[in-house]
Amino acid sequence: MLREEVNKRLTLNWLIQGASEHAGLTMHHLVRDELNTLSPKLLLLYDQLALVNHLQYWCTEASLLLGWPPRFWKRAATKTNHPFYDHPILSKHGGMLAEEGRQRALARSKEKGVPRWPIFFGFKTIQIFVRITMIEEKCQQELTQLARQVASQVWDIPQDRLDATLTTKVAFGKLSKTNSFTRWVLRAGAVGYGGVLHQNGSLQVVARAVNFFYLAKELVKGTAELICLHGLNTLDDETYQHVMEQTDRLEYEPWMLQSGGELWRKLFAVAPEGVRYADLLMHLARLPARTLEFIILAVLEEPPAARARLEQLMGA
């Protein structure tokens with residue numbers, strides 16, 4: 001029972017990170033006209049940042065810190081000490097989804113002018129960050145509002161539930177302990193944080209990030225976290241504490257980001273037509289652990305069966 005709850009939370013975290021990664025590729029186009037008014041250069045820069053943000057996991061620097069993705073995902077299915085070994089979906093399909101996401105990003109990189117070769121990729125990444133920073137310095141208030149607008153459109157959530165700030169001091173709330181070198185480096189290099197805090201008598205989505213792109217992504221992620229609280233409210237305090245300690249770890253996020261976007265894409269390929277993102281995620285979060293596992297496996301292995309089950313779930 002406890003293992004099932006741990007796996008359920010890992011699956012929901014995968015969906016939370018995947019929603020952020022999936023939205024991040026195109027969400028800035030929801031406010032295309034407003035961004036062009038601020039600067040005609042921003043839209044392409046955010047397109048490029050979305051791609052380097054995803055492809056970074058296959059670069060030398062990230063691989064030295066986190067591990068080479070193909071090897072990590074291969075070990076997930078074979079090594080009993082791997083953090084995802086006991087998760088039947090991550091261990092079996094995580095590597096496939098990560099590679100599909102990489103190939104999709106590589107194909108789009110040609111169109112958007114992002115180089116593939118490591119040295120040029122690194123220089124391009126720095127150039128993108130510098131140019132975005134220079135442009136955004138002149139319009140931070142407008143971009144903060146646009147980030148709230150984007151997240152509101154993605155999830156259909158009122159903007160007054162979204163607390164957003166552009167800042168270089170991105171950490172907030174109660175952070176997990178940095179008791180490993182990997183976690184310490186990830187914390188030190190963080191460009192954004194998103195989550196849920198109790199403020200002014202209600203639960204608020206809070207995001208802090210260094211630029212508009214990451215701020216919007218963190219708002220999307222934080223809103224997904226708020227929705228997925230429906231999957232935790234039936235746990236007793238002891239179980240909740242154990243589940244969160246086993247699953248909500250900073251070092252798991254890169255793996256869920258690199259594979260979660262494709263999971264989200266496949267999920268919505270079989271979702272009932274016209275369904276709202278928030279409604280679907282809320283219904284999934286409320287499911288018993290084994291039922292959620294069954295549906296997500298069907299999304300990846302038997303799409304027609306998944307479509308029928310989701311239609312039943314959503315009353316479509």
# chains A, B, ... in the order shown; residues from 1 in each chain; ligands from 1
$ residues_around --residues "A:Leu281" --least-positions-apart "3" --cutoff "12 Å" --atoms "only C-alpha atoms" --output "ChimeraX atom specification"
/A:11-16,18-19,155,223-231,264,267-268,271,275-278,284-287,292,296,310,313-314
$ write_last_selection --atoms "N, CA and C atoms" --output "CSV table (one decimal), in the first residue's frame"
chain,number,residue,atom,x,y,z
A,11,THR,N,4.2,9.5,-10.1
A,11,THR,CA,3.5,9.7,-11.4
A,11,THR,C,2.9,11.1,-11.5
A,12,LEU,N,2.3,11.6,-10.4
A,12,LEU,CA,1.8,12.9,-10.4
A,12,LEU,C,2.9,14.0,-10.6
A,13,ASN,N,4.0,13.7,-9.9
A,13,ASN,CA,5.2,14.7,-10.1
A,13,ASN,C,5.6,14.7,-11.6
A,14,TRP,N,5.6,13.5,-12.2
A,14,TRP,CA,5.9,13.4,-13.6
A,14,TRP,C,5.0,14.2,-14.4
A,15,LEU,N,3.7,14.1,-14.1
A,15,LEU,CA,2.7,14.9,-14.9
A,15,LEU,C,2.9,16.4,-14.6
A,16,ILE,N,3.2,16.7,-13.4
A,16,ILE,CA,3.4,18.1,-13.0
A,16,ILE,C,4.6,18.7,-13.8
A,18,GLY,N,5.9,17.4,-16.4
A,18,GLY,CA,5.6,17.3,-17.9
A,18,GLY,C,4.7,18.4,-18.4
A,19,ALA,N,3.8,18.8,-17.5
A,19,ALA,CA,2.9,19.9,-17.9
A,19,ALA,C,3.7,21.2,-18.2
A,155,TRP,N,-4.3,27.0,-17.6
A,155,TRP,CA,-5.1,26.2,-16.6
A,155,TRP,C,-6.5,26.7,-16.4
A,223,THR,N,0.7,25.6,-10.5
A,223,THR,CA,-0.7,25.4,-10.6
A,223,THR,C,-1.0,23.9,-10.7
A,224,ALA,N,-0.2,23.2,-11.5
A,224,ALA,CA,-0.3,21.7,-11.6
A,224,ALA,C,-0.2,21.1,-10.2
A,225,GLU,N,0.8,21.6,-9.4
A,225,GLU,CA,1.0,21.1,-8.0
A,225,GLU,C,-0.3,21.4,-7.2
A,226,LEU,N,-0.9,22.6,-7.3
A,226,LEU,CA,-2.1,22.9,-6.6
A,226,LEU,C,-3.2,21.9,-7.0
A,227,ILE,N,-3.4,21.6,-8.2
A,227,ILE,CA,-4.4,20.7,-8.7
A,227,ILE,C,-4.1,19.3,-8.1
A,228,CYS,N,-2.9,18.9,-8.1
A,228,CYS,CA,-2.5,17.5,-7.6
A,228,CYS,C,-2.6,17.4,-6.1
A,229,LEU,N,-2.8,18.4,-5.4
A,229,LEU,CA,-3.1,18.3,-4.0
A,229,LEU,C,-4.3,17.4,-3.7
A,230,HIS,N,-5.2,17.3,-4.7
A,230,HIS,CA,-6.4,16.5,-4.6
A,230,HIS,C,-5.9,15.0,-4.4
A,231,GLY,N,-4.7,14.7,-4.8
A,231,GLY,CA,-4.2,13.3,-4.7
A,231,GLY,C,-3.5,13.0,-3.4
A,264,TRP,N,2.9,14.0,-21.3
A,264,TRP,CA,1.8,14.9,-21.4
A,264,TRP,C,1.2,15.0,-22.8
A,267,LEU,N,-0.8,11.9,-23.4
A,267,LEU,CA,-2.0,11.9,-22.6
A,267,LEU,C,-3.1,12.7,-23.3
A,268,PHE,N,-2.7,13.9,-23.8
A,268,PHE,CA,-3.7,14.7,-24.4
A,268,PHE,C,-4.1,14.2,-25.9
A,271,ALA,N,-7.1,12.1,-24.8
A,271,ALA,CA,-8.0,12.7,-23.9
A,271,ALA,C,-9.3,13.1,-24.7
A,275,VAL,N,-11.7,18.7,-23.5
A,275,VAL,CA,-11.5,18.6,-22.0
A,275,VAL,C,-10.5,19.6,-21.6
A,276,ARG,N,-10.7,20.2,-20.4
A,276,ARG,CA,-9.8,21.2,-19.9
A,276,ARG,C,-8.6,20.5,-19.2
A,277,TYR,N,-7.4,21.1,-19.3
A,277,TYR,CA,-6.2,20.5,-18.7
A,277,TYR,C,-6.4,20.3,-17.2
A,278,ALA,N,-7.0,21.3,-16.6
A,278,ALA,CA,-7.1,21.2,-15.1
A,278,ALA,C,-8.1,20.2,-14.7
A,284,LEU,N,-7.4,12.7,-12.6
A,284,LEU,CA,-6.3,11.7,-12.5
A,284,LEU,C,-5.7,11.7,-11.1
A,285,ALA,N,-5.6,12.9,-10.5
A,285,ALA,CA,-5.0,13.0,-9.1
A,285,ALA,C,-5.8,12.3,-8.1
A,286,ARG,N,-7.1,12.3,-8.3
A,286,ARG,CA,-8.1,11.7,-7.3
A,286,ARG,C,-8.2,10.2,-7.4
A,287,LEU,N,-7.6,9.6,-8.5
A,287,LEU,CA,-7.8,8.2,-8.6
A,287,LEU,C,-7.0,7.4,-7.6
A,292,LEU,N,-4.7,4.8,-11.4
A,292,LEU,CA,-3.9,5.8,-12.1
A,292,LEU,C,-2.8,5.1,-12.9
A,296,ILE,N,-2.3,5.4,-17.1
A,296,ILE,CA,-1.1,5.9,-17.7
A,296,ILE,C,-0.3,4.9,-18.5
A,310,LEU,N,-10.5,7.2,-20.3
A,310,LEU,CA,-10.5,8.6,-20.0
A,310,LEU,C,-11.9,9.2,-20.3
A,313,LEU,N,-13.9,8.3,-17.4
A,313,LEU,CA,-13.5,9.1,-16.2
A,313,LEU,C,-14.0,10.5,-16.2
A,314,MET,N,-14.0,11.1,-17.4
A,314,MET,CA,-14.4,12.5,-17.6
A,314,MET,C,-15.9,12.6,-17.9
$ residues_around --residues "stretch 73-87 of chain A" --least-positions-apart "3" --cutoff "10 Å" --atoms "only C-alpha atoms" --output "VMD selection string"
chain A and resid 3 to 4 6 to 8 10 to 11 67 to 70 90 to 96 98 246 to 247 252 255 293
$ write_last_selection --atoms "C-alpha atoms" --output "CSV table (one decimal), in the first residue's frame"
chain,number,residue,atom,x,y,z
A,3,ARG,CA,4.7,1.6,-2.2
A,4,GLU,CA,1.6,2.2,-4.3
A,6,VAL,CA,4.9,6.5,-3.4
A,7,ASN,CA,4.5,5.4,-7.0
A,8,LYS,CA,1.3,7.5,-7.4
A,10,LEU,CA,6.0,9.9,-8.5
A,11,THR,CA,3.5,9.7,-11.4
A,67,GLY,CA,24.5,11.1,-15.6
A,68,TRP,CA,24.1,10.2,-19.3
A,69,PRO,CA,20.4,9.9,-19.9
A,70,PRO,CA,20.4,6.7,-22.0
A,90,LEU,CA,9.1,5.3,-15.3
A,91,SER,CA,11.4,2.2,-15.4
A,92,LYS,CA,9.9,0.9,-18.6
A,93,HIS,CA,9.0,4.0,-20.6
A,94,GLY,CA,11.0,6.9,-19.2
A,95,GLY,CA,13.9,6.4,-21.6
A,96,MET,CA,11.7,6.1,-24.6
A,98,ALA,CA,13.0,11.2,-23.0
A,246,GLN,CA,10.6,9.5,-1.0
A,247,THR,CA,9.3,11.4,-4.0
A,252,TYR,CA,14.5,13.7,-9.7
A,255,TRP,CA,14.6,13.2,-15.4
A,293,GLU,CA,-1.1,3.4,-13.0
$ closest_residue --among "A:Gln103, A:Thr165, A:Thr26, A:Gln258" --to "A:Phe212" --atoms "only C-alpha atoms"
A:Thr165
$ residues_around --residues "A:Ile135" --least-positions-apart "2" --cutoff "12 Å" --atoms "only C-alpha atoms" --output "PDB file with all heavy atoms, in the first residue's frame"
ATOM      1  N   LEU A  35       4.087  40.378 -26.569  1.00  0.00           N
ATOM      2  CA  LEU A  35       5.551  40.289 -26.546  1.00  0.00           C
ATOM      3  C   LEU A  35       6.155  41.074 -27.710  1.00  0.00           C
ATOM      4  O   LEU A  35       7.174  41.766 -27.541  1.00  0.00           O
ATOM      5  CB  LEU A  35       5.991  38.826 -26.610  1.00  0.00           C
ATOM      6  CG  LEU A  35       5.734  37.991 -25.349  1.00  0.00           C
ATOM      7  CD1 LEU A  35       6.067  36.525 -25.606  1.00  0.00           C
ATOM      8  CD2 LEU A  35       6.537  38.519 -24.167  1.00  0.00           C
ATOM      9  N   ASN A  36       5.550  40.986 -28.875  1.00  0.00           N
ATOM     10  CA  ASN A  36       6.061  41.737 -30.024  1.00  0.00           C
ATOM     11  C   ASN A  36       5.984  43.240 -29.793  1.00  0.00           C
ATOM     12  O   ASN A  36       6.826  43.998 -30.298  1.00  0.00           O
ATOM     13  CB  ASN A  36       5.287  41.354 -31.285  1.00  0.00           C
ATOM     14  CG  ASN A  36       5.750  40.028 -31.866  1.00  0.00           C
ATOM     15  OD1 ASN A  36       6.894  39.617 -31.676  1.00  0.00           O
ATOM     16  ND2 ASN A  36       4.858  39.344 -32.564  1.00  0.00           N
ATOM     17  N   LEU A  38       6.456  44.648 -26.887  1.00  0.00           N
ATOM     18  CA  LEU A  38       7.577  44.970 -25.995  1.00  0.00           C
ATOM     19  C   LEU A  38       8.902  44.904 -26.742  1.00  0.00           C
ATOM     20  O   LEU A  38       9.764  45.763 -26.577  1.00  0.00           O
ATOM     21  CB  LEU A  38       7.596  44.004 -24.812  1.00  0.00           C
ATOM     22  CG  LEU A  38       6.389  44.066 -23.865  1.00  0.00           C
ATOM     23  CD1 LEU A  38       6.477  42.978 -22.814  1.00  0.00           C
ATOM     24  CD2 LEU A  38       6.299  45.438 -23.200  1.00  0.00           C
ATOM     25  N   SER A  39       9.083  43.859 -27.546  1.00  0.00           N
ATOM     26  CA  SER A  39      10.284  43.713 -28.377  1.00  0.00           C
ATOM     27  C   SER A  39      10.050  42.615 -29.403  1.00  0.00           C
ATOM     28  O   SER A  39       9.701  41.485 -29.024  1.00  0.00           O
ATOM     29  CB  SER A  39      11.511  43.352 -27.542  1.00  0.00           C
ATOM     30  OG  SER A  39      12.602  43.023 -28.393  1.00  0.00           O
ATOM     31  N   PRO A  40      10.249  42.868 -30.676  1.00  0.00           N
ATOM     32  CA  PRO A  40      10.045  41.841 -31.710  1.00  0.00           C
ATOM     33  C   PRO A  40      11.073  40.713 -31.635  1.00  0.00           C
ATOM     34  O   PRO A  40      10.925  39.713 -32.335  1.00  0.00           O
ATOM     35  CB  PRO A  40      10.177  42.631 -33.014  1.00  0.00           C
ATOM     36  CG  PRO A  40      10.959  43.848 -32.666  1.00  0.00           C
ATOM     37  CD  PRO A  40      10.609  44.185 -31.251  1.00  0.00           C
ATOM     38  N   LYS A  41      12.082  40.873 -30.810  1.00  0.00           N
ATOM     39  CA  LYS A  41      13.117  39.842 -30.685  1.00  0.00           C
ATOM     40  C   LYS A  41      12.769  38.774 -29.650  1.00  0.00           C
ATOM     41  O   LYS A  41      13.361  37.690 -29.643  1.00  0.00           O
ATOM     42  CB  LYS A  41      14.458  40.489 -30.310  1.00  0.00           C
ATOM     43  CG  LYS A  41      14.983  41.473 -31.338  1.00  0.00           C
ATOM     44  CD  LYS A  41      16.282  42.108 -30.857  1.00  0.00           C
ATOM     45  CE  LYS A  41      16.808  43.133 -31.869  1.00  0.00           C
ATOM     46  NZ  LYS A  41      18.065  43.783 -31.403  1.00  0.00           N
ATOM     47  N   LEU A  42      11.837  39.074 -28.756  1.00  0.00           N
ATOM     48  CA  LEU A  42      11.602  38.194 -27.615  1.00  0.00           C
ATOM     49  C   LEU A  42      11.047  36.829 -28.004  1.00  0.00           C
ATOM     50  O   LEU A  42      11.448  35.812 -27.445  1.00  0.00           O
ATOM     51  CB  LEU A  42      10.655  38.864 -26.621  1.00  0.00           C
ATOM     52  CG  LEU A  42      11.288  39.896 -25.685  1.00  0.00           C
ATOM     53  CD1 LEU A  42      10.214  40.587 -24.850  1.00  0.00           C
ATOM     54  CD2 LEU A  42      12.334  39.248 -24.785  1.00  0.00           C
ATOM     55  N   LEU A  43      10.128  36.784 -28.940  1.00  0.00           N
ATOM     56  CA  LEU A  43       9.465  35.522 -29.257  1.00  0.00           C
ATOM     57  C   LEU A  43      10.461  34.464 -29.718  1.00  0.00           C
ATOM     58  O   LEU A  43      10.440  33.320 -29.248  1.00  0.00           O
ATOM     59  CB  LEU A  43       8.393  35.754 -30.327  1.00  0.00           C
ATOM     60  CG  LEU A  43       7.219  34.765 -30.326  1.00  0.00           C
ATOM     61  CD1 LEU A  43       6.424  34.886 -29.031  1.00  0.00           C
ATOM     62  CD2 LEU A  43       6.313  34.992 -31.516  1.00  0.00           C
ATOM     63  N   LEU A  45      13.684  34.458 -29.146  1.00  0.00           N
ATOM     64  CA  LEU A  45      14.586  34.164 -28.029  1.00  0.00           C
ATOM     65  C   LEU A  45      13.954  33.165 -27.065  1.00  0.00           C
ATOM     66  O   LEU A  45      14.628  32.256 -26.574  1.00  0.00           O
ATOM     67  CB  LEU A  45      14.958  35.451 -27.291  1.00  0.00           C
ATOM     68  CG  LEU A  45      15.927  36.377 -28.020  1.00  0.00           C
ATOM     69  CD1 LEU A  45      16.009  37.723 -27.312  1.00  0.00           C
ATOM     70  CD2 LEU A  45      17.314  35.741 -28.116  1.00  0.00           C
ATOM     71  N   TYR A  46      12.665  33.301 -26.787  1.00  0.00           N
ATOM     72  CA  TYR A  46      11.996  32.342 -25.906  1.00  0.00           C
ATOM     73  C   TYR A  46      11.866  30.974 -26.585  1.00  0.00           C
ATOM     74  O   TYR A  46      11.968  29.938 -25.915  1.00  0.00           O
ATOM     75  CB  TYR A  46      10.621  32.863 -25.490  1.00  0.00           C
ATOM     76  CG  TYR A  46      10.666  34.095 -24.611  1.00  0.00           C
ATOM     77  CD1 TYR A  46       9.717  35.103 -24.747  1.00  0.00           C
ATOM     78  CD2 TYR A  46      11.654  34.256 -23.640  1.00  0.00           C
ATOM     79  CE1 TYR A  46       9.742  36.235 -23.943  1.00  0.00           C
ATOM     80  CE2 TYR A  46      11.689  35.386 -22.839  1.00  0.00           C
ATOM     81  CZ  TYR A  46      10.739  36.383 -22.996  1.00  0.00           C
ATOM     82  OH  TYR A  46      10.766  37.506 -22.206  1.00  0.00           O
ATOM     83  N   ILE A 128      21.750  33.671 -25.597  1.00  0.00           N
ATOM     84  CA  ILE A 128      20.303  33.785 -25.420  1.00  0.00           C
ATOM     85  C   ILE A 128      19.982  34.411 -24.069  1.00  0.00           C
ATOM     86  O   ILE A 128      19.170  35.338 -23.963  1.00  0.00           O
ATOM     87  CB  ILE A 128      19.639  32.400 -25.552  1.00  0.00           C
ATOM     88  CG1 ILE A 128      19.735  31.892 -26.985  1.00  0.00           C
ATOM     89  CG2 ILE A 128      18.171  32.454 -25.106  1.00  0.00           C
ATOM     90  CD1 ILE A 128      19.383  30.426 -27.140  1.00  0.00           C
ATOM     91  N   PHE A 129      20.625  33.925 -23.024  1.00  0.00           N
ATOM     92  CA  PHE A 129      20.381  34.454 -21.683  1.00  0.00           C
ATOM     93  C   PHE A 129      20.735  35.935 -21.594  1.00  0.00           C
ATOM     94  O   PHE A 129      19.993  36.733 -21.012  1.00  0.00           O
ATOM     95  CB  PHE A 129      21.179  33.666 -20.641  1.00  0.00           C
ATOM     96  CG  PHE A 129      20.416  32.533 -20.027  1.00  0.00           C
ATOM     97  CD1 PHE A 129      20.534  31.249 -20.530  1.00  0.00           C
ATOM     98  CD2 PHE A 129      19.583  32.742 -18.947  1.00  0.00           C
ATOM     99  CE1 PHE A 129      19.830  30.198 -19.970  1.00  0.00           C
ATOM    100  CE2 PHE A 129      18.870  31.702 -18.375  1.00  0.00           C
ATOM    101  CZ  PHE A 129      18.993  30.423 -18.885  1.00  0.00           C
ATOM    102  N   VAL A 130      21.880  36.321 -22.157  1.00  0.00           N
ATOM    103  CA  VAL A 130      22.314  37.714 -22.083  1.00  0.00           C
ATOM    104  C   VAL A 130      21.338  38.620 -22.822  1.00  0.00           C
ATOM    105  O   VAL A 130      20.938  39.686 -22.315  1.00  0.00           O
ATOM    106  CB  VAL A 130      23.738  37.856 -22.658  1.00  0.00           C
ATOM    107  CG1 VAL A 130      24.106  39.341 -22.816  1.00  0.00           C
ATOM    108  CG2 VAL A 130      24.749  37.165 -21.746  1.00  0.00           C
ATOM    109  N   ARG A 131      20.931  38.211 -24.016  1.00  0.00           N
ATOM    110  CA  ARG A 131      20.033  39.053 -24.809  1.00  0.00           C
ATOM    111  C   ARG A 131      18.667  39.183 -24.134  1.00  0.00           C
ATOM    112  O   ARG A 131      18.066  40.265 -24.123  1.00  0.00           O
ATOM    113  CB  ARG A 131      19.886  38.469 -26.207  1.00  0.00           C
ATOM    114  CG  ARG A 131      21.176  38.535 -27.038  1.00  0.00           C
ATOM    115  CD  ARG A 131      20.972  37.955 -28.417  1.00  0.00           C
ATOM    116  NE  ARG A 131      20.073  38.784 -29.228  1.00  0.00           N
ATOM    117  CZ  ARG A 131      19.604  38.417 -30.412  1.00  0.00           C
ATOM    118  NH1 ARG A 131      19.925  37.223 -30.907  1.00  0.00           N
ATOM    119  NH2 ARG A 131      18.808  39.207 -31.087  1.00  0.00           N
ATOM    120  N   ILE A 132      18.151  38.095 -23.580  1.00  0.00           N
ATOM    121  CA  ILE A 132      16.871  38.162 -22.875  1.00  0.00           C
ATOM    122  C   ILE A 132      16.970  39.090 -21.670  1.00  0.00           C
ATOM    123  O   ILE A 132      16.082  39.932 -21.427  1.00  0.00           O
ATOM    124  CB  ILE A 132      16.414  36.751 -22.443  1.00  0.00           C
ATOM    125  CG1 ILE A 132      15.943  35.951 -23.657  1.00  0.00           C
ATOM    126  CG2 ILE A 132      15.296  36.832 -21.402  1.00  0.00           C
ATOM    127  CD1 ILE A 132      15.581  34.515 -23.349  1.00  0.00           C
ATOM    128  N   THR A 133      18.047  38.964 -20.908  1.00  0.00           N
ATOM    129  CA  THR A 133      18.225  39.803 -19.716  1.00  0.00           C
ATOM    130  C   THR A 133      18.253  41.281 -20.082  1.00  0.00           C
ATOM    131  O   THR A 133      17.613  42.112 -19.411  1.00  0.00           O
ATOM    132  CB  THR A 133      19.518  39.418 -18.992  1.00  0.00           C
ATOM    133  OG1 THR A 133      19.456  38.036 -18.598  1.00  0.00           O
ATOM    134  CG2 THR A 133      19.723  40.279 -17.747  1.00  0.00           C
ATOM    135  N   GLU A 137      15.061  43.854 -18.841  1.00  0.00           N
ATOM    136  CA  GLU A 137      15.323  44.869 -17.823  1.00  0.00           C
ATOM    137  C   GLU A 137      14.396  46.075 -17.968  1.00  0.00           C
ATOM    138  O   GLU A 137      14.070  46.740 -16.981  1.00  0.00           O
ATOM    139  CB  GLU A 137      16.779  45.343 -17.902  1.00  0.00           C
ATOM    140  CG  GLU A 137      17.763  44.372 -17.292  1.00  0.00           C
ATOM    141  CD  GLU A 137      19.201  44.843 -17.422  1.00  0.00           C
ATOM    142  OE1 GLU A 137      19.445  45.797 -18.198  1.00  0.00           O
ATOM    143  OE2 GLU A 137      20.066  44.272 -16.748  1.00  0.00           O
ATOM    144  N   LYS A 138      13.941  46.332 -19.187  1.00  0.00           N
ATOM    145  CA  LYS A 138      13.148  47.538 -19.462  1.00  0.00           C
ATOM    146  C   LYS A 138      11.644  47.320 -19.296  1.00  0.00           C
ATOM    147  O   LYS A 138      10.881  48.290 -19.355  1.00  0.00           O
ATOM    148  CB  LYS A 138      13.425  48.018 -20.894  1.00  0.00           C
ATOM    149  CG  LYS A 138      14.898  48.249 -21.196  1.00  0.00           C
ATOM    150  CD  LYS A 138      15.106  48.511 -22.685  1.00  0.00           C
ATOM    151  CE  LYS A 138      16.582  48.630 -23.024  1.00  0.00           C
ATOM    152  NZ  LYS A 138      16.804  48.825 -24.493  1.00  0.00           N
ATOM    153  N   CYS A 139      11.219  46.088 -19.099  1.00  0.00           N
ATOM    154  CA  CYS A 139       9.774  45.834 -19.089  1.00  0.00           C
ATOM    155  C   CYS A 139       9.403  44.701 -18.125  1.00  0.00           C
ATOM    156  O   CYS A 139       8.569  43.851 -18.461  1.00  0.00           O
ATOM    157  CB  CYS A 139       9.281  45.521 -20.495  1.00  0.00           C
ATOM    158  SG  CYS A 139      10.265  44.296 -21.398  1.00  0.00           S
ATOM    159  N   GLN A 140       9.983  44.661 -16.947  1.00  0.00           N
ATOM    160  CA  GLN A 140       9.745  43.564 -16.020  1.00  0.00           C
ATOM    161  C   GLN A 140       8.309  43.529 -15.503  1.00  0.00           C
ATOM    162  O   GLN A 140       7.730  42.457 -15.334  1.00  0.00           O
ATOM    163  CB  GLN A 140      10.729  43.642 -14.849  1.00  0.00           C
ATOM    164  CG  GLN A 140      12.160  43.361 -15.240  1.00  0.00           C
ATOM    165  CD  GLN A 140      12.989  42.860 -14.080  1.00  0.00           C
ATOM    166  OE1 GLN A 140      12.601  42.941 -12.930  1.00  0.00           O
ATOM    167  NE2 GLN A 140      14.160  42.340 -14.388  1.00  0.00           N
ATOM    168  N   LEU A 143       6.112  42.020 -18.208  1.00  0.00           N
ATOM    169  CA  LEU A 143       6.382  40.595 -18.399  1.00  0.00           C
ATOM    170  C   LEU A 143       5.857  39.759 -17.238  1.00  0.00           C
ATOM    171  O   LEU A 143       5.402  38.625 -17.437  1.00  0.00           O
ATOM    172  CB  LEU A 143       7.881  40.372 -18.583  1.00  0.00           C
ATOM    173  CG  LEU A 143       8.441  40.863 -19.922  1.00  0.00           C
ATOM    174  CD1 LEU A 143       9.962  40.882 -19.891  1.00  0.00           C
ATOM    175  CD2 LEU A 143       7.942  39.991 -21.066  1.00  0.00           C
ATOM    176  N   ASN A 211      13.616  35.156 -15.457  1.00  0.00           N
ATOM    177  CA  ASN A 211      13.075  35.800 -16.656  1.00  0.00           C
ATOM    178  C   ASN A 211      11.645  35.315 -16.917  1.00  0.00           C
ATOM    179  O   ASN A 211      11.142  34.423 -16.223  1.00  0.00           O
ATOM    180  CB  ASN A 211      13.976  35.575 -17.881  1.00  0.00           C
ATOM    181  CG  ASN A 211      14.123  34.112 -18.271  1.00  0.00           C
ATOM    182  OD1 ASN A 211      13.164  33.342 -18.241  1.00  0.00           O
ATOM    183  ND2 ASN A 211      15.334  33.714 -18.656  1.00  0.00           N
ATOM    184  N   PHE A 212      11.004  35.935 -17.907  1.00  0.00           N
ATOM    185  CA  PHE A 212       9.602  35.635 -18.213  1.00  0.00           C
ATOM    186  C   PHE A 212       9.388  34.160 -18.522  1.00  0.00           C
ATOM    187  O   PHE A 212       8.420  33.549 -18.052  1.00  0.00           O
ATOM    188  CB  PHE A 212       9.143  36.491 -19.404  1.00  0.00           C
ATOM    189  CG  PHE A 212       7.893  35.976 -20.063  1.00  0.00           C
ATOM    190  CD1 PHE A 212       6.640  36.301 -19.561  1.00  0.00           C
ATOM    191  CD2 PHE A 212       7.968  35.151 -21.184  1.00  0.00           C
ATOM    192  CE1 PHE A 212       5.492  35.815 -20.165  1.00  0.00           C
ATOM    193  CE2 PHE A 212       6.817  34.668 -21.794  1.00  0.00           C
ATOM    194  CZ  PHE A 212       5.573  34.999 -21.278  1.00  0.00           C
TER     195      PHE A 212
END
$ atom_distance --atom1 "atom CA of A:Pro272" --atom2 "atom CA of A:Glu21"
21.6 Å
$ select_by_dssp --residues "stretch 25-179 of chain A" --states "strand (DSSP E)" --output "JSON, numbers by chain"
{"A": [162, 163, 164, 165, 166]}
$ residues_around --residues "A:Ser20" --least-positions-apart "6" --cutoff "6 Å" --atoms "only C-alpha atoms" --output "JSON, numbers by chain"
{"A": [217, 220, 221]}
$ select_by_dssp --residues "stretch 111-209 of chain A" --states "alpha helix (DSSP H)" --output "NGL selection string"
:A and (111-112 or 118-136 or 140-155 or 181-188)
$ write_last_selection --atoms "C-alpha atoms" --output "short mmCIF file (atom, residue, chain, number, x, y, z; two decimals), in the first residue's frame"
data_model
loop_
_atom_site.label_atom_id
_atom_site.label_comp_id
_atom_site.auth_asym_id
_atom_site.auth_seq_id
_atom_site.Cartn_x
_atom_site.Cartn_y
_atom_site.Cartn_z
CA GLU A 111 14.15 25.78 -37.63
CA LYS A 112 14.94 28.08 -34.69
CA PRO A 118 28.47 21.12 -27.81
CA ILE A 119 30.78 24.17 -27.96
CA PHE A 120 28.45 26.18 -30.19
CA PHE A 121 25.46 25.05 -28.12
CA GLY A 122 27.09 26.43 -24.97
CA PHE A 123 27.93 29.77 -26.57
CA LYS A 124 24.41 30.05 -27.98
CA THR A 125 22.89 29.37 -24.57
CA ILE A 126 24.92 32.16 -22.98
CA GLN A 127 24.02 34.52 -25.82
CA ILE A 128 20.30 33.78 -25.42
CA PHE A 129 20.38 34.45 -21.68
CA VAL A 130 22.31 37.71 -22.08
CA ARG A 131 20.03 39.05 -24.81
CA ILE A 132 16.87 38.16 -22.87
CA THR A 133 18.22 39.80 -19.72
CA MET A 134 19.08 43.02 -21.55
CA ILE A 135 15.63 43.28 -23.16
CA GLU A 136 13.66 42.28 -20.07
CA GLN A 140 9.75 43.56 -16.02
CA GLN A 141 6.36 44.71 -14.75
CA GLU A 142 4.69 44.00 -18.09
CA LEU A 143 6.38 40.59 -18.40
CA THR A 144 5.35 39.59 -14.89
CA GLN A 145 1.75 40.30 -15.77
CA LEU A 146 2.08 38.40 -19.05
CA ALA A 147 3.48 35.36 -17.20
CA ARG A 148 0.39 35.37 -14.97
CA GLN A 149 -1.80 35.73 -18.05
CA VAL A 150 -0.16 32.74 -19.75
CA ALA A 151 -0.56 30.45 -16.73
CA SER A 152 -4.16 31.59 -16.33
CA GLN A 153 -4.88 30.70 -19.97
CA VAL A 154 -3.17 27.30 -19.76
CA TRP A 155 -5.06 26.18 -16.65
CA PHE A 181 26.53 17.35 -4.03
CA THR A 182 24.06 16.96 -6.90
CA ARG A 183 21.23 18.53 -4.94
CA TRP A 184 23.48 21.39 -3.82
CA VAL A 185 24.54 22.17 -7.41
CA LEU A 186 20.94 22.01 -8.65
CA ARG A 187 19.83 24.34 -5.87
CA ALA A 188 22.67 26.78 -6.54
#
$ residues_around --residues "A:Arg208" --least-positions-apart "2" --cutoff "8 Å" --atoms "only C-alpha atoms" --output "VMD selection string"
chain A and resid 164 to 167 169 to 172 192 to 194 206 210 215 218
$ atom_distance --atom1 "atom CA of A:Lys266" --atom2 "atom CA of A:Gly315"
19.9 Å
$ closest_residue --among "A:Asp279, A:Gly261, A:Val270, A:Ala216" --to "A:Arg307" --atoms "only C-alpha atoms"
A:Val270
$ atom_distance --atom1 "atom CA of A:Phe294" --atom2 "atom CA of A:Ala306"
8.8 Å
